[in-house]
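Okay, data13.cif is below, mmCIF, C-alpha atoms:
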```cif
data_model
#
loop_
_atom_site.label_atom_id
_atom_site.label_comp_id
_atom_site.auth_asym_id
_atom_site.auth_seq_id
_atom_site.Cartn_x
_atom_site.Cartn_y
_atom_site.Cartn_z
CA MET A 1 117.87 106.74 87.06
CA GLU A 2 115.68 103.65 86.61
CA MET A 3 113.60 104.56 89.69
CA VAL A 4 112.92 108.05 88.32
CA LEU A 5 111.92 106.71 84.91
CA LEU A 6 109.68 103.98 86.35
CA GLY A 7 108.00 106.39 88.76
CA ASN A 8 107.47 108.93 85.98
CA ARG A 9 106.00 106.23 83.76
CA SER A 10 103.58 105.10 86.48
CA ILE A 11 102.35 108.65 87.12
CA ASN A 12 101.77 109.14 83.40
CA VAL A 13 99.80 105.90 83.11
CA VAL A 14 97.63 107.04 86.03
CA VAL A 15 97.05 110.40 84.30
CA GLY A 16 96.13 108.71 81.03
CA VAL A 17 93.74 106.08 82.38
CA PHE A 18 92.01 108.48 84.78
CA THR A 19 91.49 110.87 81.88
CA MET A 20 90.08 108.01 79.80
CA ALA A 21 87.68 106.98 82.52
CA GLY A 22 86.55 110.49 83.39
CA GLY A 23 86.20 111.53 79.77
CA THR A 24 84.16 108.49 78.83
CA ILE A 25 81.74 108.87 81.74
CA SER A 26 81.50 112.61 81.12
CA VAL A 27 80.58 112.20 77.45
CA VAL A 28 78.15 109.30 77.83
CA LEU A 29 76.38 110.41 81.03
CA ASP A 30 76.68 114.17 80.33
CA LEU A 31 78.30 114.95 83.70
CA PRO A 32 81.07 117.47 84.48
CA PHE A 33 84.52 116.20 83.51
CA SER A 34 86.19 117.01 86.84
CA PHE A 35 83.42 115.28 88.81
CA CYS A 36 83.73 112.12 86.70
CA VAL A 37 87.52 112.09 87.08
CA TRP A 38 87.38 112.33 90.88
CA ILE A 39 84.71 109.62 91.12
CA SER A 40 86.72 107.29 88.86
CA ALA A 41 89.92 107.97 90.83
CA ALA A 42 88.22 107.32 94.16
CA VAL A 43 86.80 103.97 93.03
CA ILE A 44 90.12 102.80 91.57
CA ILE A 45 92.18 103.89 94.59
CA ILE A 46 89.80 102.19 97.05
CA TYR A 47 89.69 98.80 95.35
CA THR A 48 93.47 98.90 94.75
CA LEU A 49 94.04 99.47 98.48
CA MET A 50 91.67 96.65 99.34
CA GLY A 51 92.77 94.11 96.72
CA GLY A 52 96.45 94.75 96.04
CA LEU A 53 97.80 92.32 93.42
CA TYR A 54 94.48 90.46 93.46
CA SER A 55 92.83 93.57 92.05
CA VAL A 56 95.32 93.53 89.16
CA ALA A 57 94.65 89.86 88.41
CA TYR A 58 90.86 90.05 88.58
CA THR A 59 90.55 93.27 86.56
CA ASP A 60 92.78 91.71 83.89
CA ILE A 61 90.33 88.82 83.64
CA ILE A 62 87.34 91.19 83.48
CA GLN A 63 89.10 93.25 80.83
CA LEU A 64 89.81 90.19 78.70
CA VAL A 65 86.20 89.04 78.83
CA LEU A 66 84.51 92.39 78.24
CA VAL A 67 86.79 94.25 75.86
CA LEU A 68 86.85 91.82 72.94
CA GLY A 69 83.12 91.12 73.00
CA GLY A 70 82.23 94.74 73.60
CA LEU A 71 84.42 96.06 70.80
CA LEU A 72 82.97 93.56 68.34
CA MET A 73 79.43 94.68 69.25
CA ASN A 74 80.30 98.37 68.95
CA ASN A 75 81.34 98.35 65.29
CA THR A 76 79.19 100.68 63.21
CA LEU A 77 81.23 101.07 60.00
CA ASN A 78 78.85 102.06 57.26
CA ALA A 79 80.91 104.21 54.88
CA PRO A 80 84.32 104.04 53.20
CA TRP A 81 87.36 104.84 55.29
CA ILE A 82 88.82 108.25 54.50
CA GLY A 83 92.46 108.43 53.43
CA GLN A 84 95.07 105.94 52.27
CA PRO A 85 98.73 105.13 53.02
CA GLU A 86 101.33 107.16 51.14
CA MET A 87 104.77 105.99 50.06
CA LYS A 88 106.48 109.01 51.58
CA LYS A 89 105.13 107.97 55.00
CA THR A 90 106.63 104.46 54.82
CA TRP A 91 109.43 105.22 57.27
CA ILE A 92 106.98 106.92 59.64
CA MET A 93 104.79 103.80 59.66
CA ILE A 94 107.83 101.59 60.30
CA ASP A 95 108.91 103.97 63.06
CA ASN A 96 105.49 103.82 64.70
CA PHE A 97 105.35 100.03 64.37
CA LEU A 98 108.66 99.61 66.21
CA PHE A 99 107.60 102.24 68.73
CA PHE A 100 104.42 100.38 69.67
CA ALA A 101 106.03 96.93 69.44
CA LEU A 102 109.12 97.61 71.56
CA GLY A 103 108.27 100.68 73.63
CA GLY A 104 106.28 98.77 76.23
CA LEU A 105 109.06 96.29 76.98
CA GLY A 106 110.66 98.73 79.40
CA CYS A 107 107.47 99.30 81.38
CA GLN A 108 107.26 97.92 84.90
CA ALA A 109 103.63 96.89 84.41
CA PHE A 110 104.75 94.38 81.77
CA HIS A 111 107.45 92.84 83.96
CA GLN A 112 105.07 92.92 86.93
CA ARG A 113 102.84 90.43 85.15
CA ILE A 114 105.67 88.32 83.76
CA LEU A 115 107.39 87.94 87.13
CA SER A 116 104.11 86.96 88.76
CA ALA A 117 103.73 83.97 86.42
CA SER A 118 103.86 80.53 88.02
CA SER A 119 106.80 79.41 85.88
CA THR A 120 109.17 80.55 83.14
CA ALA A 121 107.28 78.46 80.62
CA SER A 122 103.92 80.08 81.43
CA ALA A 123 105.51 83.53 81.23
CA LYS A 124 106.86 82.78 77.75
CA ILE A 125 103.56 81.31 76.59
CA SER A 126 101.71 84.39 77.88
CA CYS A 127 104.02 86.74 75.96
CA PHE A 128 103.80 84.85 72.66
CA ALA A 129 100.04 84.36 72.96
CA ALA A 130 99.52 88.05 73.71
CA ALA A 131 101.48 88.99 70.58
CA PHE A 132 98.86 87.23 68.42
CA VAL A 133 95.78 88.06 70.50
CA ILE A 134 96.56 91.79 70.43
CA LEU A 135 96.21 91.72 66.64
CA ILE A 136 92.65 90.41 67.01
CA PHE A 137 91.84 93.08 69.60
CA SER A 138 93.10 95.82 67.29
CA ILE A 139 90.65 95.02 64.47
CA PRO A 140 87.51 96.41 66.21
CA LEU A 141 89.43 99.54 67.23
CA VAL A 142 90.47 100.19 63.63
CA LEU A 143 86.88 99.75 62.47
CA ILE A 144 85.54 102.10 65.15
CA GLY A 145 88.10 104.73 64.17
CA ALA A 146 87.23 104.26 60.50
CA ALA A 147 83.53 104.68 61.31
CA ALA A 148 84.19 107.91 63.19
CA ALA A 149 86.35 109.25 60.36
CA SER A 150 83.80 108.47 57.65
CA THR A 151 80.60 109.47 59.48
CA ASP A 152 78.55 112.49 58.43
CA TRP A 153 78.21 113.90 61.95
CA ASN A 154 75.62 116.44 60.81
CA GLN A 155 73.15 113.56 60.51
CA THR A 156 73.71 112.42 64.11
CA THR A 157 72.70 113.84 67.47
CA TYR A 158 76.27 115.10 67.85
CA GLY A 159 75.94 117.53 64.93
CA SER A 160 78.58 119.45 63.02
CA PRO A 161 81.50 120.05 63.05
CA SER A 162 83.16 116.66 63.56
CA PRO A 163 84.96 115.68 66.80
CA TYR A 164 88.30 116.27 65.08
CA GLU A 165 87.36 119.81 64.08
CA ARG A 166 86.11 120.53 67.62
CA GLY A 167 89.41 119.38 69.12
CA GLU A 168 87.77 116.31 70.68
CA ALA A 169 89.59 113.65 68.68
CA ALA A 170 90.92 112.07 71.88
CA MET A 171 87.32 111.46 72.99
CA VAL A 172 86.22 109.84 69.74
CA LEU A 173 85.55 106.43 71.36
CA PRO A 174 82.95 107.59 73.91
CA ILE A 175 81.47 110.01 71.37
CA THR A 176 81.05 107.17 68.88
CA LEU A 177 79.49 104.98 71.57
CA GLN A 178 76.99 107.64 72.50
CA HIS A 179 75.92 108.91 69.09
CA LEU A 180 76.39 105.99 66.69
CA THR A 181 75.18 103.00 68.75
CA PRO A 182 71.99 102.00 70.59
CA THR A 183 71.78 102.70 74.31
CA PHE A 184 72.44 99.14 75.47
CA ILE A 185 75.51 98.91 73.22
CA SER A 186 76.74 102.20 74.65
CA ILE A 187 76.45 100.80 78.18
CA ILE A 188 78.46 97.73 77.19
CA GLY A 189 81.06 100.04 75.69
CA ILE A 190 81.37 101.92 78.99
CA GLY A 191 81.96 98.58 80.70
CA CYS A 192 84.76 97.81 78.25
CA VAL A 193 86.46 101.15 78.87
CA ALA A 194 86.03 100.77 82.62
CA ALA A 195 87.60 97.31 82.55
CA ALA A 196 90.56 98.55 80.53
CA VAL A 197 91.02 101.55 82.82
CA MET A 198 90.85 99.51 86.01
CA SER A 199 93.32 96.95 84.70
CA SER A 200 95.90 99.63 83.88
CA ALA A 201 95.28 101.98 86.79
CA ASP A 202 95.69 99.49 89.64
CA SER A 203 98.94 98.09 88.22
CA ALA A 204 100.30 101.62 87.72
CA LEU A 205 99.40 102.63 91.26
CA LEU A 206 101.04 99.52 92.71
CA SER A 207 104.11 100.01 90.50
CA ALA A 208 104.71 103.56 91.66
CA SER A 209 104.09 102.72 95.30
CA SER A 210 106.37 99.67 95.24
CA VAL A 211 109.18 101.63 93.55
CA PHE A 212 109.03 104.31 96.25
CA THR A 213 108.59 101.91 99.17
CA ASN A 214 111.25 99.34 98.31
CA ASN A 215 113.86 101.47 96.55
CA ILE A 216 113.63 104.74 98.43
CA TYR A 217 111.83 104.39 101.77
CA LYS A 218 113.11 100.97 102.83
CA ASN A 219 116.60 101.18 101.30
CA ILE A 220 117.41 104.84 102.04
CA LEU A 221 115.02 106.48 104.50
CA ARG A 222 114.11 103.60 106.85
CA PRO A 223 116.28 100.49 106.24
CA LYS A 224 114.96 98.85 109.43
CA ALA A 225 111.28 99.45 108.71
CA SER A 226 108.99 96.61 109.77
CA ASP A 227 106.70 94.77 107.39
CA ARG A 228 103.67 96.48 108.92
CA GLU A 229 105.23 99.92 108.47
CA THR A 230 106.15 99.06 104.87
CA GLN A 231 102.57 98.05 104.18
CA TRP A 232 101.28 101.37 105.49
CA VAL A 233 103.79 103.20 103.27
CA VAL A 234 102.55 101.26 100.24
CA TRP A 235 98.95 102.23 101.03
CA ALA A 236 99.87 105.88 101.55
CA SER A 237 101.85 105.91 98.30
CA VAL A 238 98.88 104.53 96.37
CA VAL A 239 96.70 107.38 97.66
CA VAL A 240 99.34 110.04 96.99
CA VAL A 241 100.02 108.84 93.42
CA GLY A 242 96.29 108.60 92.69
CA VAL A 243 95.55 112.09 93.99
CA ALA A 244 98.61 113.54 92.21
CA GLY A 245 97.61 111.99 88.90
CA THR A 246 94.03 113.21 89.26
CA SER A 247 95.19 116.73 90.11
CA LEU A 248 97.39 116.84 87.01
CA ILE A 249 94.40 115.94 84.85
CA LEU A 250 92.35 118.81 86.25
CA LEU A 251 95.18 121.27 85.57
CA ASN A 252 95.04 120.52 81.86
CA LYS A 253 92.93 118.08 79.89
CA GLY A 254 95.66 118.07 77.22
CA LEU A 255 97.76 115.88 79.49
CA VAL A 256 96.64 112.94 77.35
CA LEU A 257 99.20 114.33 74.91
CA PHE A 258 101.75 114.34 77.73
CA TRP A 259 100.96 110.68 78.33
CA PHE A 260 101.71 109.76 74.72
CA LEU A 261 104.99 111.68 74.81
CA THR A 262 106.14 109.75 77.87
CA ASN A 263 105.48 106.51 75.99
CA GLU A 264 107.95 107.80 73.43
CA ILE A 265 110.47 108.46 76.19
CA CYS A 266 109.97 104.88 77.32
CA TYR A 267 110.90 103.72 73.81
CA ILE A 268 113.95 105.89 73.23
CA VAL A 269 115.32 105.88 76.81
CA MET A 270 114.15 102.87 78.83
CA PHE A 271 114.16 100.23 76.11
CA PRO A 272 117.87 100.78 75.19
CA GLN A 273 118.79 100.61 78.88
CA LEU A 274 116.92 97.32 79.31
CA LEU A 275 118.42 95.82 76.16
CA CYS A 276 122.01 96.68 77.09
CA VAL A 277 121.70 95.56 80.71
CA LEU A 278 120.31 92.17 79.70
CA PHE A 279 122.51 91.32 76.74
CA PHE A 280 125.81 93.23 77.02
CA ASN A 281 128.14 92.69 79.98
CA ILE A 282 130.14 95.83 79.24
CA SER A 283 127.21 98.15 80.11
CA ASN A 284 127.70 100.39 83.14
CA GLY A 285 126.36 103.57 84.74
CA TYR A 286 128.44 105.96 82.65
CA GLY A 287 127.11 104.52 79.43
CA ALA A 288 123.57 104.60 80.81
CA ILE A 289 123.78 108.33 81.56
CA MET A 290 125.24 109.15 78.16
CA GLY A 291 122.58 107.01 76.48
CA VAL A 292 119.83 109.03 78.14
CA LEU A 293 121.46 112.34 77.20
CA VAL A 294 122.12 111.33 73.59
CA ALA A 295 118.59 109.97 73.07
CA LEU A 296 116.80 112.99 74.56
CA MET A 297 119.05 115.53 72.84
CA LEU A 298 118.70 113.87 69.45
CA ARG A 299 114.93 113.55 69.80
CA LEU A 300 114.46 117.18 70.83
CA LEU A 301 116.72 118.43 68.03
CA SER A 302 114.64 116.41 65.57
CA GLY A 303 111.63 118.58 66.45
CA ASP A 304 108.10 117.66 67.48
CA PRO A 305 105.00 119.41 66.11
CA LEU A 306 102.95 118.30 69.13
CA LEU A 307 105.30 120.26 71.41
CA GLY A 308 105.76 123.11 68.95
CA LEU A 309 109.48 122.34 68.53
CA GLU A 310 111.02 123.24 65.19
CA PRO A 311 113.55 120.64 63.93
CA VAL A 312 117.17 121.64 64.15
CA LEU A 313 118.38 118.41 62.58
CA HIS A 314 116.84 117.92 59.14
CA PHE A 315 116.97 114.24 58.26
CA PRO A 316 116.55 113.10 54.63
CA GLY A 317 112.97 113.67 53.55
CA CYS A 318 112.30 116.59 55.90
CA THR A 319 110.01 118.99 54.03
CA LEU A 320 108.24 122.26 54.70
CA GLU A 321 104.46 121.81 54.59
CA ASP A 322 102.05 124.67 55.39
CA GLY A 323 104.84 126.54 57.13
CA VAL A 324 105.79 123.58 59.34
CA TYR A 325 108.74 121.23 58.88
CA VAL A 326 107.68 117.58 58.76
CA GLN A 327 110.18 114.78 59.41
CA TYR A 328 109.52 111.72 57.24
CA ALA A 329 112.53 109.86 58.67
CA PRO A 330 112.07 107.40 61.58
CA VAL A 331 113.32 109.88 64.19
CA LYS A 332 112.15 107.85 67.20
CA THR A 333 113.98 104.72 66.06
CA ILE A 334 117.08 106.73 65.13
CA SER A 335 117.12 108.17 68.66
CA MET A 336 116.67 104.70 70.16
CA LEU A 337 119.50 103.16 68.12
CA SER A 338 121.74 106.13 68.92
CA ALA A 339 121.08 105.57 72.62
CA ILE A 340 122.14 101.91 72.33
CA ALA A 341 125.33 102.90 70.51
CA ALA A 342 126.10 105.59 73.10
CA ILE A 343 125.55 103.20 76.03
CA LEU A 344 127.92 100.58 74.62
CA LEU A 345 130.55 103.06 73.42
CA PHE A 346 130.80 105.13 76.59
CA SER A 347 130.53 102.06 78.82
CA TYR A 348 133.50 100.48 77.05
CA LEU A 349 135.44 103.76 77.09
CA ALA A 350 134.86 104.27 80.84
CA SER A 351 135.84 100.67 81.54
CA VAL A 352 139.11 101.09 79.62
CA LEU A 353 140.00 104.42 81.25
CA PHE A 354 139.48 103.22 84.82
CA ASN A 355 140.89 99.71 84.46
CA LYS A 356 144.01 100.93 82.64
CA GLY A 357 144.63 103.55 85.32
CA VAL A 358 144.22 106.50 82.94
CA LEU A 359 141.67 108.00 85.35
CA PRO A 360 142.14 107.78 89.15
CA GLU A 361 140.02 105.25 91.00
CA LYS A 362 138.59 107.93 93.30
CA TRP A 363 136.69 109.33 90.31
CA ASP A 364 135.02 105.98 89.68
CA VAL A 365 131.56 106.82 91.00
CA PHE A 366 129.88 103.72 89.53
CA LYS A 367 132.69 101.34 90.58
CA VAL A 368 133.52 100.26 87.05
CA LYS A 369 136.90 98.95 88.19
CA ALA A 370 135.09 96.38 90.32
CA GLN A 371 133.59 94.90 87.17
CA HIS A 372 135.29 92.73 84.58
CA SER A 373 138.06 94.25 82.50
CA PRO A 374 136.89 95.40 79.07
CA VAL A 375 136.20 92.56 76.67
CA PRO A 376 134.93 92.66 73.08
CA LEU A 377 131.34 93.84 72.82
CA SER A 378 129.40 90.60 72.64
CA PRO A 379 126.03 89.41 73.94
CA VAL A 380 125.84 87.59 77.24
CA GLY A 381 125.22 84.32 75.41
CA GLY A 382 128.66 84.60 73.82
CA ALA A 383 130.50 85.06 77.12
CA ILE A 384 133.98 83.62 77.42
CA ASP A 385 134.48 80.33 79.22
CA GLU A 386 136.41 79.62 82.42
CA LYS A 387 139.69 78.87 80.67
CA ASP A 388 139.66 82.14 78.76
CA ASN A 389 138.78 83.90 82.00
CA GLU A 390 141.85 82.47 83.73
CA GLU A 391 144.09 83.54 80.85
CA MET A 392 142.66 87.05 80.97
CA ASN A 393 143.31 87.27 84.71
CA THR A 394 146.90 86.10 84.17
CA ASN A 395 147.53 88.74 81.53
CA ASN A 396 145.75 91.48 83.45
CA PRO A 397 146.72 91.61 87.18
CA GLN A 398 144.14 94.34 87.82
CA SER A 399 141.34 91.79 87.35
CA GLU A 400 142.44 89.97 90.52
CA ILE A 401 140.37 92.39 92.55
CA LEU A 402 137.35 90.33 91.44
#
```
Starting from the file, give its structure as structure tokens.
Amino acid sequence: MEMVLLGNRSINVVVGVFTMAGGTISVVLDLPFSFCVWISAAVIIIYTLMGGLYSVAYTDIIQLVLVLGGLLMNNTLNAPWIGQPEMKKTWIMIDNFLFFALGGLGCQAFHQRILSASSTASAKISCFAAAFVILIFSIPLVLIGAAAASTDWNQTTYGSPSPYERGEAAMVLPITLQHLTPTFISIIGIGCVAAAVMSSADSALLSASSVFTNNIYKNILRPKASDRETQWVVWASVVVVGVAGTSLILLNKGLVLFWFLTNEICYIVMFPQLLCVLFFNISNGYGAIMGVLVALMLRLLSGDPLLGLEPVLHFPGCTLEDGVYVQYAPVKTISMLSAIAAILLFSYLASVLFNKGVLPEKWDVFKVKAQHSPVPLSPVGGAIDEKDNEEMNTNNPQSEIL
């Protein structure tokens, strides 16, 4: 399950960043979109094959240097920002805040960087520092978006209607760079986007290839594969994932939307799995499966206007606006919390049924009976000590199999 989710996430990141790179170059240099996508993909795949993890490290450094300075130079806000927060959208804003704050914790790219740190202390410092630095990086982006929203596009070389009305809202960054900034600023902006794309694309390519090579090829298909053979498989996987992601982009430019939806899946499916595995000993495979099913079913029944899904479950505050039902409840967070509850509940239930002999051991696919007997749901930090463990084993002979 985890391998499928991680592989799916990596493919979606590749789709998103290749679209970003191709779209930016296409808008600024006025070249065909498909041509720009293939050129961007070829460059990224080649330097990823040549550099490996070094390419991830160096592009992260380039991204850090260019993005902040470039974004600060590209601010062109010259009119009031359109719109204002509304009280009825409070829960939606809280939902989105938690989504962006916690959704990325289940991504392999995040753990790839943490595990590559020289020590536990440096990994912690990096995480806490990034939490504050990201706030600084978000300020220029907000200002650029505000400038695009408040600009009279009829007075620019872009003309009317606005990018939003033309269905080009996803390309607002390169459009703003091209039509609202001087040429040299626009070039710097392209460098910023390129740095961000390269930093994300190479890590996503390596993530997908490592998941396939280590978890599928080496463990299932070729357990005795040599190191040289494994390296060739990694290289081939990088090429295959890159070409597959590029091909998906050319099938439909709207796959940027698909990329955002998979981030939501990461929040409501992968984050609960990670949380329960790390902090609750009772978690097992049965609970994990039920958590995925509960989260996806609840989210789909809540409806999604981007997918054209009408809500079946109407949470408090759901209203009909312009013929479309709008959920003002935090449906993403509700789905995430429901997944956590389902994982813990069904994990405990499965553990009780198999350890008490209610269900035959031959049905125990995930070998729950080989784990500890069910104990109260408590975090790992509150685990019982050795003495309590001995008493539990005395009272429960079935635990002797451990």
Worksheet item: Which of these, A:Leu274, A:Ile144, A:Ala131, A:Leu205, has the shortest distance to Val241 of chain A once you count all atoms listed in the file?
Response: A:Leu205
Worksheet item: So which residues get picked by the PyMOL selection byres ((chain A and resi 350) around 10) here, written as a list of chain:residue names?
Response: A:Ile282, A:Ser283, A:Asn284, A:Gly285, A:Tyr286, A:Gly287, A:Leu345, A:Phe346, A:Ser347, A:Tyr348, A:Leu349, A:Ser351, A:Val352, A:Leu353, A:Phe354, A:Asn355, A:Lys356, A:Val358, A:Leu359, A:Asp364, A:Val368, A:Lys369, A:Pro374
Item to complete: Tell me, as number ranges by chain, which residues lie within 9 Å of segment 292-304 of chain A, counting only C-alpha atoms; anything in the same chain fewer than 6 positions away does not count.
Response: A: 265, 268-270, 272-273, 310-315, 325-327, 331-332, 334-340, 342-343
Worksheet entry | From A:Ile134, A:Pro330, A:Cys36, A:Gly308, residue lying nearest Phe97 of chain A [only C-alpha atoms] |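 Result for the nearest residue to Phe97 of chain A: A:Pro330.
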Item to complete: Given the file shown, determine the residues that the PyMOL selection byres ((chain A and resi 213) around 10) selects; report them as a VMD selection string.
Response: chain A and resid 207 to 212 214 to 222 230 to 237
Would you mind writing segment 211-230 of chain A with N, CA and C atoms, as a PDB file, in the frame of the given file?
```
ATOM      1  N   VAL A 211     107.890 101.005  93.869  1.00  0.00           N
ATOM      2  CA  VAL A 211     109.180 101.630  93.550  1.00  0.00           C
ATOM      3  C   VAL A 211     109.606 102.559  94.679  1.00  0.00           C
ATOM      4  N   PHE A 212     108.686 103.381  95.168  1.00  0.00           N
ATOM      5  CA  PHE A 212     109.030 104.310  96.250  1.00  0.00           C
ATOM      6  C   PHE A 212     109.308 103.561  97.556  1.00  0.00           C
ATOM      7  N   THR A 213     108.455 102.600  97.885  1.00  0.00           N
ATOM      8  CA  THR A 213     108.590 101.910  99.170  1.00  0.00           C
ATOM      9  C   THR A 213     109.864 101.082  99.260  1.00  0.00           C
ATOM     10  N   ASN A 214     110.116 100.265  98.248  1.00  0.00           N
ATOM     11  CA  ASN A 214     111.250  99.340  98.310  1.00  0.00           C
ATOM     12  C   ASN A 214     112.581  99.999  97.985  1.00  0.00           C
ATOM     13  N   ASN A 215     112.593 100.902  97.008  1.00  0.00           N
ATOM     14  CA  ASN A 215     113.860 101.470  96.550  1.00  0.00           C
ATOM     15  C   ASN A 215     114.270 102.745  97.265  1.00  0.00           C
ATOM     16  N   ILE A 216     113.305 103.461  97.796  1.00  0.00           N
ATOM     17  CA  ILE A 216     113.630 104.740  98.430  1.00  0.00           C
ATOM     18  C   ILE A 216     113.382 104.674  99.943  1.00  0.00           C
ATOM     19  N   TYR A 217     112.161 104.358 100.344  1.00  0.00           N
ATOM     20  CA  TYR A 217     111.830 104.390 101.770  1.00  0.00           C
ATOM     21  C   TYR A 217     112.585 103.309 102.554  1.00  0.00           C
ATOM     22  N   LYS A 218     112.517 102.062 102.065  1.00  0.00           N
ATOM     23  CA  LYS A 218     113.110 100.970 102.830  1.00  0.00           C
ATOM     24  C   LYS A 218     114.631 100.896 102.673  1.00  0.00           C
ATOM     25  N   ASN A 219     115.155 101.267 101.519  1.00  0.00           N
ATOM     26  CA  ASN A 219     116.600 101.180 101.300  1.00  0.00           C
ATOM     27  C   ASN A 219     117.365 102.417 101.745  1.00  0.00           C
ATOM     28  N   ILE A 220     116.697 103.583 101.742  1.00  0.00           N
ATOM     29  CA  ILE A 220     117.410 104.840 102.040  1.00  0.00           C
ATOM     30  C   ILE A 220     116.882 105.503 103.312  1.00  0.00           C
ATOM     31  N   LEU A 221     115.569 105.722 103.383  1.00  0.00           N
ATOM     32  CA  LEU A 221     115.020 106.480 104.500  1.00  0.00           C
ATOM     33  C   LEU A 221     114.894 105.642 105.770  1.00  0.00           C
ATOM     34  N   ARG A 222     114.347 104.432 105.664  1.00  0.00           N
ATOM     35  CA  ARG A 222     114.110 103.600 106.850  1.00  0.00           C
ATOM     36  C   ARG A 222     114.529 102.153 106.549  1.00  0.00           C
ATOM     37  N   PRO A 223     115.828 101.850 106.555  1.00  0.00           N
ATOM     38  CA  PRO A 223     116.280 100.490 106.240  1.00  0.00           C
ATOM     39  C   PRO A 223     115.735  99.432 107.198  1.00  0.00           C
ATOM     40  N   LYS A 224     115.433  99.811 108.436  1.00  0.00           N
ATOM     41  CA  LYS A 224     114.960  98.850 109.430  1.00  0.00           C
ATOM     42  C   LYS A 224     113.440  98.879 109.604  1.00  0.00           C
ATOM     43  N   ALA A 225     112.736  99.372 108.613  1.00  0.00           N
ATOM     44  CA  ALA A 225     111.280  99.450 108.710  1.00  0.00           C
ATOM     45  C   ALA A 225     110.667  98.052 108.774  1.00  0.00           C
ATOM     46  N   SER A 226     109.658  97.898 109.633  1.00  0.00           N
ATOM     47  CA  SER A 226     108.990  96.610 109.770  1.00  0.00           C
ATOM     48  C   SER A 226     108.062  96.360 108.586  1.00  0.00           C
ATOM     49  N   ASP A 227     107.609  95.125 108.476  1.00  0.00           N
ATOM     50  CA  ASP A 227     106.700  94.770 107.390  1.00  0.00           C
ATOM     51  C   ASP A 227     105.388  95.556 107.498  1.00  0.00           C
ATOM     52  N   ARG A 228     104.911  95.737 108.730  1.00  0.00           N
ATOM     53  CA  ARG A 228     103.670  96.480 108.920  1.00  0.00           C
ATOM     54  C   ARG A 228     103.830  97.937 108.505  1.00  0.00           C
ATOM     55  N   GLU A 229     104.964  98.532 108.862  1.00  0.00           N
ATOM     56  CA  GLU A 229     105.230  99.920 108.470  1.00  0.00           C
ATOM     57  C   GLU A 229     105.353 100.033 106.948  1.00  0.00           C
ATOM     58  N   THR A 230     106.010  99.058 106.328  1.00  0.00           N
ATOM     59  CA  THR A 230     106.150  99.060 104.870  1.00  0.00           C
ATOM     60  C   THR A 230     104.793  98.973 104.185  1.00  0.00           C
TER      61      THR A 230
END
```
